[in-house]
file model_25.pdb (PDB, C-alpha atoms and all ligand atoms)
ATOM      1  CA  MET A 784     -69.625  34.933  37.812
ATOM      2  CA  ILE A 785     -68.861  34.317  41.470
ATOM      3  CA  ILE A 786     -70.137  31.754  43.963
ATOM      4  CA  GLU A 787     -69.751  32.550  47.655
ATOM      5  CA  HIS A 788     -70.212  30.065  50.419
ATOM      6  CA  LEU A 789     -69.818  30.590  54.147
ATOM      7  CA  SER A 790     -68.457  27.331  55.548
ATOM      8  CA  LYS A 791     -69.123  26.905  59.251
ATOM      9  CA  SER A 792     -66.960  23.855  59.880
ATOM     10  CA  ARG A 793     -64.101  21.749  58.598
ATOM     11  CA  GLU A 794     -66.648  19.072  57.645
ATOM     12  CA  GLU A 795     -68.657  21.544  55.592
ATOM     13  CA  THR A 796     -65.535  22.496  53.611
ATOM     14  CA  ILE A 797     -64.830  18.815  52.984
ATOM     15  CA  THR A 798     -68.382  18.342  51.713
ATOM     16  CA  LEU A 799     -67.928  21.315  49.386
ATOM     17  CA  GLY A 800     -64.749  19.707  48.016
ATOM     18  CA  GLN A 801     -66.611  16.446  47.440
ATOM     19  CA  HIS A 802     -69.351  18.285  45.575
ATOM     20  CA  LEU A 803     -66.766  20.047  43.425
ATOM     21  CA  ALA A 804     -64.970  16.767  42.684
ATOM     22  CA  GLY A 805     -68.186  15.331  41.305
ATOM     23  CA  HIS A 806     -67.976  17.794  38.417
ATOM     24  CA  LEU A 807     -64.228  17.658  37.718
ATOM     25  CA  LYS A 808     -62.795  16.225  34.524
ATOM     26  CA  ARG A 809     -59.323  15.367  33.264
ATOM     27  CA  GLY A 810     -57.265  18.493  32.758
ATOM     28  CA  ASP A 811     -59.239  20.648  35.187
ATOM     29  CA  ILE A 812     -57.216  23.031  37.328
ATOM     30  CA  VAL A 813     -58.365  24.311  40.706
ATOM     31  CA  CYS A 814     -56.246  27.088  42.229
ATOM     32  CA  LEU A 815     -56.477  27.764  45.956
ATOM     33  CA  PHE A 816     -55.635  31.145  47.462
ATOM     34  CA  GLY A 817     -55.732  32.171  51.103
ATOM     35  CA  GLU A 818     -53.630  32.573  54.177
ATOM     36  CA  LEU A 819     -52.197  29.842  56.396
ATOM     37  CA  GLY A 820     -54.863  27.686  57.975
ATOM     38  CA  SER A 821     -57.667  29.107  55.867
ATOM     39  CA  GLY A 822     -58.800  25.698  54.588
ATOM     40  CA  LYS A 823     -56.974  24.977  51.319
ATOM     41  CA  THR A 824     -55.770  21.497  52.289
ATOM     42  CA  THR A 825     -59.123  20.772  53.902
ATOM     43  CA  LEU A 826     -60.914  21.478  50.613
ATOM     44  CA  THR A 827     -58.316  19.318  48.834
ATOM     45  CA  LYS A 828     -59.142  16.438  51.192
ATOM     46  CA  GLY A 829     -62.782  16.838  50.182
ATOM     47  CA  ILE A 830     -61.858  16.799  46.499
ATOM     48  CA  ALA A 831     -59.808  13.649  47.151
ATOM     49  CA  LYS A 832     -62.737  12.021  48.910
ATOM     50  CA  GLY A 833     -64.945  12.833  45.930
ATOM     51  CA  LEU A 834     -62.379  11.163  43.660
ATOM     52  CA  ARG A 835     -62.403   8.064  45.885
ATOM     53  CA  ILE A 836     -59.008   8.762  47.408
ATOM     54  CA  GLU A 837     -58.635   8.275  51.155
ATOM     55  CA  PRO A 838     -58.712  11.892  52.441
ATOM     56  CA  ASP A 839     -56.430  11.122  55.393
ATOM     57  CA  THR A 840     -53.585  10.379  52.979
ATOM     58  CA  VAL A 841     -53.755  13.951  51.689
ATOM     59  CA  SER A 842     -51.424  16.337  53.473
ATOM     60  CA  SER A 843     -48.843  18.974  52.673
ATOM     61  CA  PRO A 844     -45.473  17.884  54.001
ATOM     62  CA  SER A 845     -42.740  20.514  53.979
ATOM     63  CA  PHE A 846     -40.475  20.632  50.952
ATOM     64  CA  VAL A 847     -42.766  18.488  48.824
ATOM     65  CA  LEU A 848     -44.194  20.600  46.042
ATOM     66  CA  LEU A 849     -46.291  17.898  44.400
ATOM     67  CA  ASN A 850     -48.130  14.812  45.587
ATOM     68  CA  ILE A 851     -49.877  12.451  43.220
ATOM     69  CA  TYR A 852     -52.833  10.314  44.262
ATOM     70  CA  GLU A 853     -54.616   7.688  42.195
ATOM     71  CA  GLY A 854     -58.389   7.756  42.354
ATOM     72  CA  LYS A 855     -61.292   7.829  39.961
ATOM     73  CA  LEU A 856     -59.015  10.343  38.228
ATOM     74  CA  PRO A 857     -55.391  11.071  39.157
ATOM     75  CA  LEU A 858     -55.138  13.983  41.593
ATOM     76  CA  TYR A 859     -52.082  16.232  41.310
ATOM     77  CA  HIS A 860     -51.876  18.156  44.564
ATOM     78  CA  PHE A 861     -49.411  21.034  44.383
ATOM     79  CA  ASP A 862     -48.455  22.934  47.516
ATOM     80  CA  LEU A 863     -46.236  25.787  46.417
ATOM     81  CA  TYR A 864     -45.866  27.515  49.792
ATOM     82  CA  ARG A 865     -42.148  26.783  49.768
ATOM     83  CA  ALA A 866     -41.565  27.280  46.055
ATOM     84  CA  GLU A 867     -39.006  30.001  45.632
ATOM     85  CA  ASN A 868     -39.338  30.643  41.916
ATOM     86  CA  TYR A 869     -41.013  29.362  38.799
ATOM     87  CA  LYS A 870     -37.980  27.226  37.898
ATOM     88  CA  GLN A 871     -38.537  25.206  41.034
ATOM     89  CA  VAL A 872     -42.186  24.799  40.058
ATOM     90  CA  LEU A 873     -41.126  23.656  36.576
ATOM     91  CA  SER A 874     -38.631  21.207  38.063
ATOM     92  CA  VAL A 875     -41.375  18.936  39.399
ATOM     93  CA  GLY A 876     -42.726  18.556  35.868
ATOM     94  CA  SER A 877     -45.656  20.823  36.597
ATOM     95  CA  GLU A 878     -46.556  21.428  32.969
ATOM     96  CA  GLU A 879     -46.807  17.734  32.226
ATOM     97  CA  TYR A 880     -49.341  17.423  35.050
ATOM     98  CA  LEU A 881     -51.267  20.655  34.531
ATOM     99  CA  TYR A 882     -51.937  19.675  30.931
ATOM    100  CA  GLY A 883     -52.134  15.985  31.753
ATOM    101  CA  GLU A 884     -54.595  13.216  32.473
ATOM    102  CA  GLY A 885     -55.752  14.160  35.924
ATOM    103  CA  VAL A 886     -57.120  16.963  38.039
ATOM    104  CA  SER A 887     -54.704  19.566  39.430
ATOM    105  CA  VAL A 888     -55.279  21.312  42.745
ATOM    106  CA  VAL A 889     -52.763  24.054  43.503
ATOM    107  CA  GLU A 890     -52.268  25.583  46.956
ATOM    108  CA  TRP A 891     -50.494  28.962  46.918
ATOM    109  CA  ALA A 892     -51.212  29.128  43.194
ATOM    110  CA  GLN A 893     -49.954  32.728  43.011
ATOM    111  CA  ARG A 894     -46.424  31.268  43.251
ATOM    112  CA  MET A 895     -46.935  29.797  39.807
ATOM    113  CA  GLY A 896     -46.722  33.226  38.231
ATOM    114  CA  THR A 897     -46.972  33.034  34.466
ATOM    115  CA  LEU A 898     -47.002  29.218  34.565
ATOM    116  CA  LEU A 899     -50.578  29.436  35.807
ATOM    117  CA  PRO A 900     -52.858  28.327  32.964
ATOM    118  CA  ASP A 901     -55.390  30.977  31.921
ATOM    119  CA  ASP A 902     -58.367  28.669  32.250
ATOM    120  CA  HIS A 903     -58.699  27.637  35.892
ATOM    121  CA  LEU A 904     -61.179  27.654  38.714
ATOM    122  CA  ALA A 905     -60.014  30.028  41.450
ATOM    123  CA  VAL A 906     -61.029  29.437  45.062
ATOM    124  CA  HIS A 907     -60.259  32.168  47.596
ATOM    125  CA  PHE A 908     -60.488  31.491  51.335
ATOM    126  CA  PHE A 909     -61.044  34.138  53.994
ATOM    127  CA  HIS A 910     -60.998  33.657  57.747
ATOM    128  CA  ARG A 911     -64.175  34.692  59.485
ATOM    129  CA  LYS A 912     -64.921  34.291  63.172
ATOM    130  CA  ASP A 913     -64.110  30.963  64.858
ATOM    131  CA  ASP A 914     -64.590  28.057  62.481
ATOM    132  CA  GLN A 915     -66.107  30.114  59.715
ATOM    133  CA  ARG A 916     -64.446  30.532  56.355
ATOM    134  CA  LEU A 917     -65.759  32.551  53.460
ATOM    135  CA  ILE A 918     -65.076  30.598  50.272
ATOM    136  CA  ARG A 919     -65.311  32.498  47.001
ATOM    137  CA  ILE A 920     -65.210  30.612  43.717
ATOM    138  CA  SER A 921     -64.645  32.264  40.361
ATOM    139  CA  ALA A 922     -63.784  31.169  36.836
ATOM    140  CA  SER A 923     -61.371  32.529  34.283
ATOM    141  CA  GLY A 924     -61.920  30.700  31.040
ATOM    142  CA  LYS A 925     -64.302  28.646  28.958
ATOM    143  CA  ARG A 926     -63.937  25.319  30.756
ATOM    144  CA  SER A 927     -63.889  26.772  34.264
ATOM    145  CA  ARG A 928     -66.994  28.846  33.500
ATOM    146  CA  LEU A 929     -68.804  25.706  32.384
ATOM    147  CA  LEU A 930     -67.639  23.981  35.554
ATOM    148  CA  MET A 931     -69.153  26.805  37.603
ATOM    149  CA  GLU A 932     -72.454  26.510  35.763
ATOM    150  CA  HIS A 933     -72.563  22.875  36.867
ATOM    151  CA  LEU A 934     -71.591  23.708  40.447
ATOM    152  CA  LYS A 935     -74.576  25.999  40.814
ATOM    153  CA  LEU A 936     -77.106  23.340  39.857
TER     154      LEU A 936
HETATM  155  N1  LIG B   1     -64.888  26.026  58.062
HETATM  156  C1  LIG B   1     -63.665  25.498  58.013
HETATM  157  N2  LIG B   1     -63.162  25.074  56.843
HETATM  158  C2  LIG B   1     -61.906  24.551  56.765
HETATM  159  N3  LIG B   1     -61.087  24.401  57.816
HETATM  160  C3  LIG B   1     -61.552  24.791  59.028
HETATM  161  C4  LIG B   1     -62.839  25.350  59.166
HETATM  162  N4  LIG B   1     -63.010  25.663  60.469
HETATM  163  C5  LIG B   1     -61.887  25.317  61.101
HETATM  164  N5  LIG B   1     -60.992  24.785  60.247
HETATM  165  C6  LIG B   1     -59.657  24.347  60.629
HETATM  166  O1  LIG B   1     -58.731  25.236  60.015
HETATM  167  C7  LIG B   1     -57.581  24.511  59.608
HETATM  168  C8  LIG B   1     -57.414  24.617  58.106
HETATM  169  O2  LIG B   1     -56.186  24.026  57.805
HETATM  170  P1  LIG B   1     -55.731  23.696  56.330
HETATM  171  O3  LIG B   1     -54.537  22.835  56.464
HETATM  172  O4  LIG B   1     -56.876  23.228  55.515
HETATM  173  O5  LIG B   1     -55.333  25.169  55.840
HETATM  174  P2  LIG B   1     -54.432  25.590  54.608
HETATM  175  O6  LIG B   1     -55.126  26.761  53.990
HETATM  176  O7  LIG B   1     -54.136  24.430  53.751
HETATM  177  O8  LIG B   1     -53.111  26.108  55.317
HETATM  178  P3  LIG B   1     -51.608  26.130  54.771
HETATM  179  O9  LIG B   1     -51.472  27.428  54.006
HETATM  180  O10 LIG B   1     -50.796  26.112  56.005
HETATM  181  O11 LIG B   1     -51.380  24.935  53.886
HETATM  182  C9  LIG B   1     -57.772  23.068  60.054
HETATM  183  O12 LIG B   1     -57.190  22.901  61.310
HETATM  184  C10 LIG B   1     -59.284  22.955  60.134
HETATM  185  O13 LIG B   1     -59.715  21.982  61.054
HETATM  186 MG    MG B   2     -52.358  23.543  53.111
END
call {"tool": "encode", "arguments": {"input": "model_25.pdb", "output": "structure tokens"}}
result
Amino acid sequence: MIIEHLSKSREETITLGQHLAGHLKRGDIVCLFGELGSGKTTLTKGIAKGLRIEPDTVSSPSFVLLNIYEGKLPLYHFDLYRAENYKQVLSVGSEEYLYGEGVSVVEWAQRMGTLLPDDHLAVHFFHRKDDQRLIRISASGKRSRLLMEHLKL
């Protein structure tokens, strides 16, 4: 199952994140894939907004692999762009969070390698012309498939 959405603006991607957040539960994992500037942090801001976290506080400072925000649910925002190996990913306590009480959103999730839990929602971003981004959502497990069923409604 795949959902594709052509976002035509930053605001539209934020709205999509808010919509997604409305269906997220504790323990859910959303993995974001796509090149620099493709919209991963923008979607994360939308998810934050949907969890009643001030979206402007969400950013991806260099050398910080994990930021934690308290909202309706805790949001664990991983940005693994600068992660060099899985040991570095482990060193921030990633497993405790991924299998923890909040929602995990992981930018550059491919850097997680085998630490990446099987059941996750994958969101791929592709640049299109100007402010357009093709956003492709897919699921890879029981929970993420159920989540996608809800997203479609
Ligand atoms: N439709 C769109 N959706 C999302 N962002 C858009 C869109 N159109 C333009 N933009 C702009 O593209 C940029 C996306 O930046 P963002 O930080 O979200 O990317 P990123 O994928 O997190 O990059 P990085 O890999 O550097 O972390 C922002 O400047 C945003 O305003
Ligand atoms: Mg980013």
call {"tool": "closest_residue", "arguments": {"input": "model_25.pdb", "among": "A:Leu815, A:Leu799, A:Leu807, A:Leu834", "to": "Leu929 of chain A", "atoms": "all atoms listed in the file"}}
result
A:Leu807
call {"tool": "resolve_selection", "arguments": {"input": "model_25.pdb", "expression": "the PyMOL selection byres (((chain A and resi 894) around 12) and not hetatm)", "output": "list in words"}}
result
Cys814, Leu815, Phe816, Leu848, Phe861, Asp862, Leu863, Tyr864, Arg865, Ala866, Glu867, Asn868, Tyr869, Lys870, Gln871, Val872, Leu873, Val889, Glu890, Trp891, Ala892, Gln893, Met895, Gly896, Thr897, Leu898 and Leu899 of chain A
call {"tool": "write_last_selection", "arguments": {"input": "model_25.pdb", "atoms": "C-alpha atoms", "output": "PDB file, keeping the file's coordinate frame"}}
result
ATOM      1  CA  CYS A 814     -56.246  27.088  42.229  1.00  0.00           C
ATOM      2  CA  LEU A 815     -56.477  27.764  45.956  1.00  0.00           C
ATOM      3  CA  PHE A 816     -55.635  31.145  47.462  1.00  0.00           C
ATOM      4  CA  LEU A 848     -44.194  20.600  46.042  1.00  0.00           C
ATOM      5  CA  PHE A 861     -49.411  21.034  44.383  1.00  0.00           C
ATOM      6  CA  ASP A 862     -48.455  22.934  47.516  1.00  0.00           C
ATOM      7  CA  LEU A 863     -46.236  25.787  46.417  1.00  0.00           C
ATOM      8  CA  TYR A 864     -45.866  27.515  49.792  1.00  0.00           C
ATOM      9  CA  ARG A 865     -42.148  26.783  49.768  1.00  0.00           C
ATOM     10  CA  ALA A 866     -41.565  27.280  46.055  1.00  0.00           C
ATOM     11  CA  GLU A 867     -39.006  30.001  45.632  1.00  0.00           C
ATOM     12  CA  ASN A 868     -39.338  30.643  41.916  1.00  0.00           C
ATOM     13  CA  TYR A 869     -41.013  29.362  38.799  1.00  0.00           C
ATOM     14  CA  LYS A 870     -37.980  27.226  37.898  1.00  0.00           C
ATOM     15  CA  GLN A 871     -38.537  25.206  41.034  1.00  0.00           C
ATOM     16  CA  VAL A 872     -42.186  24.799  40.058  1.00  0.00           C
ATOM     17  CA  LEU A 873     -41.126  23.656  36.576  1.00  0.00           C
ATOM     18  CA  VAL A 889     -52.763  24.054  43.503  1.00  0.00           C
ATOM     19  CA  GLU A 890     -52.268  25.583  46.956  1.00  0.00           C
ATOM     20  CA  TRP A 891     -50.494  28.962  46.918  1.00  0.00           C
ATOM     21  CA  ALA A 892     -51.212  29.128  43.194  1.00  0.00           C
ATOM     22  CA  GLN A 893     -49.954  32.728  43.011  1.00  0.00           C
ATOM     23  CA  MET A 895     -46.935  29.797  39.807  1.00  0.00           C
ATOM     24  CA  GLY A 896     -46.722  33.226  38.231  1.00  0.00           C
ATOM     25  CA  THR A 897     -46.972  33.034  34.466  1.00  0.00           C
ATOM     26  CA  LEU A 898     -47.002  29.218  34.565  1.00  0.00           C
ATOM     27  CA  LEU A 899     -50.578  29.436  35.807  1.00  0.00           C
TER      28      LEU A 899
END
call {"tool": "residues_near_ligand", "arguments": {"input": "model_25.pdb", "ligand": "ligand LIG 1 (chain B)", "cutoff": "9 Å", "atoms": "only C-alpha atoms and all ligand atoms", "output": "VMD selection string"}}
result
chain A and resid 789 to 797 815 to 828 842 to 843 862 864 890 to 891 908 910 to 911 913 to 918
call {"tool": "closest_residue", "arguments": {"input": "model_25.pdb", "among": "A:Lys832, A:Glu853, A:Glu787, A:His806", "to": "Glu932 of chain A", "atoms": "only C-alpha atoms"}}
result
A:His806
call {"tool": "atom_distance", "arguments": {"input": "model_25.pdb", "atom1": "atom CA of Lys925 of chain A", "atom2": "atom CA of Phe909 of chain A"}}
result
25.8 Å
call {"tool": "resolve_selection", "arguments": {"input": "model_25.pdb", "expression": "the PyMOL selection byres (((chain A and resi 809) around 8) and not hetatm)", "output": "mmCIF file with C-alpha atoms, in the frame of the given file"}}
result
data_model
loop_
_atom_site.group_PDB
_atom_site.id
_atom_site.type_symbol
_atom_site.label_atom_id
_atom_site.label_comp_id
_atom_site.auth_asym_id
_atom_site.auth_seq_id
_atom_site.Cartn_x
_atom_site.Cartn_y
_atom_site.Cartn_z
ATOM 1 C CA LEU A 807 -64.228 17.658 37.718
ATOM 2 C CA LYS A 808 -62.795 16.225 34.524
ATOM 3 C CA GLY A 810 -57.265 18.493 32.758
ATOM 4 C CA ASP A 811 -59.239 20.648 35.187
ATOM 5 C CA LEU A 856 -59.015 10.343 38.228
ATOM 6 C CA GLY A 883 -52.134 15.985 31.753
ATOM 7 C CA GLU A 884 -54.595 13.216 32.473
ATOM 8 C CA GLY A 885 -55.752 14.160 35.924
ATOM 9 C CA VAL A 886 -57.120 16.963 38.039
#
call {"tool": "atom_distance", "arguments": {"input": "model_25.pdb", "atom1": "atom CA of Ile836 of chain A", "atom2": "atom CA of Pro900 of chain A"}}
result
25.1 Å
call {"tool": "closest_residue", "arguments": {"input": "model_25.pdb", "among": "A:Lys912, A:His802, A:His907, A:Arg835", "to": "Leu858 of chain A", "atoms": "all atoms listed in the file"}}
result
A:Arg835
call {"tool": "closest_residue", "arguments": {"input": "model_25.pdb", "among": "A:Ser927, A:His933, A:Val847, A:Glu879", "to": "ligand MG 2 (chain B)", "atoms": "only C-alpha atoms and all ligand atoms"}}
result
A:Val847
call {"tool": "atom_distance", "arguments": {"input": "model_25.pdb", "atom1": "atom CA of His903 of chain A", "atom2": "atom CA of Pro838 of chain A"}}
result
22.8 Å
call {"tool": "closest_residue", "arguments": {"input": "model_25.pdb", "among": "A:Ser877, A:Ser845, A:Thr840, A:Gln801", "to": "ligand MG 2 (chain B)", "atoms": "all atoms listed in the file"}}
result
A:Ser845
call {"tool": "closest_residue", "arguments": {"input": "model_25.pdb", "among": "A:Gly876, A:Gly833, A:Pro844, A:Gly924", "to": "ligand MG 2 (chain B)", "atoms": "all atoms listed in the file"}}
result
A:Pro844
call {"tool": "residues_near_point", "arguments": {"input": "model_25.pdb", "point": "(-67.7, 30.5, 38.8)", "cutoff": "6 Å", "atoms": "all atoms listed in the file", "output": "VMD selection string"}}
result
chain A and resid 784 to 786 920 to 922 928 931
call {"tool": "axis_aligned_box", "arguments": {"input": "model_25.pdb", "around": "segment 887-891 of chain A", "padding_each_side": "4 Å", "output": "lines of an AutoDock Vina configuration file"}}
result
center_x = -52.9
center_y = 24.3
center_z = 43.2
size_x = 12.8
size_y = 17.4
size_z = 15.5
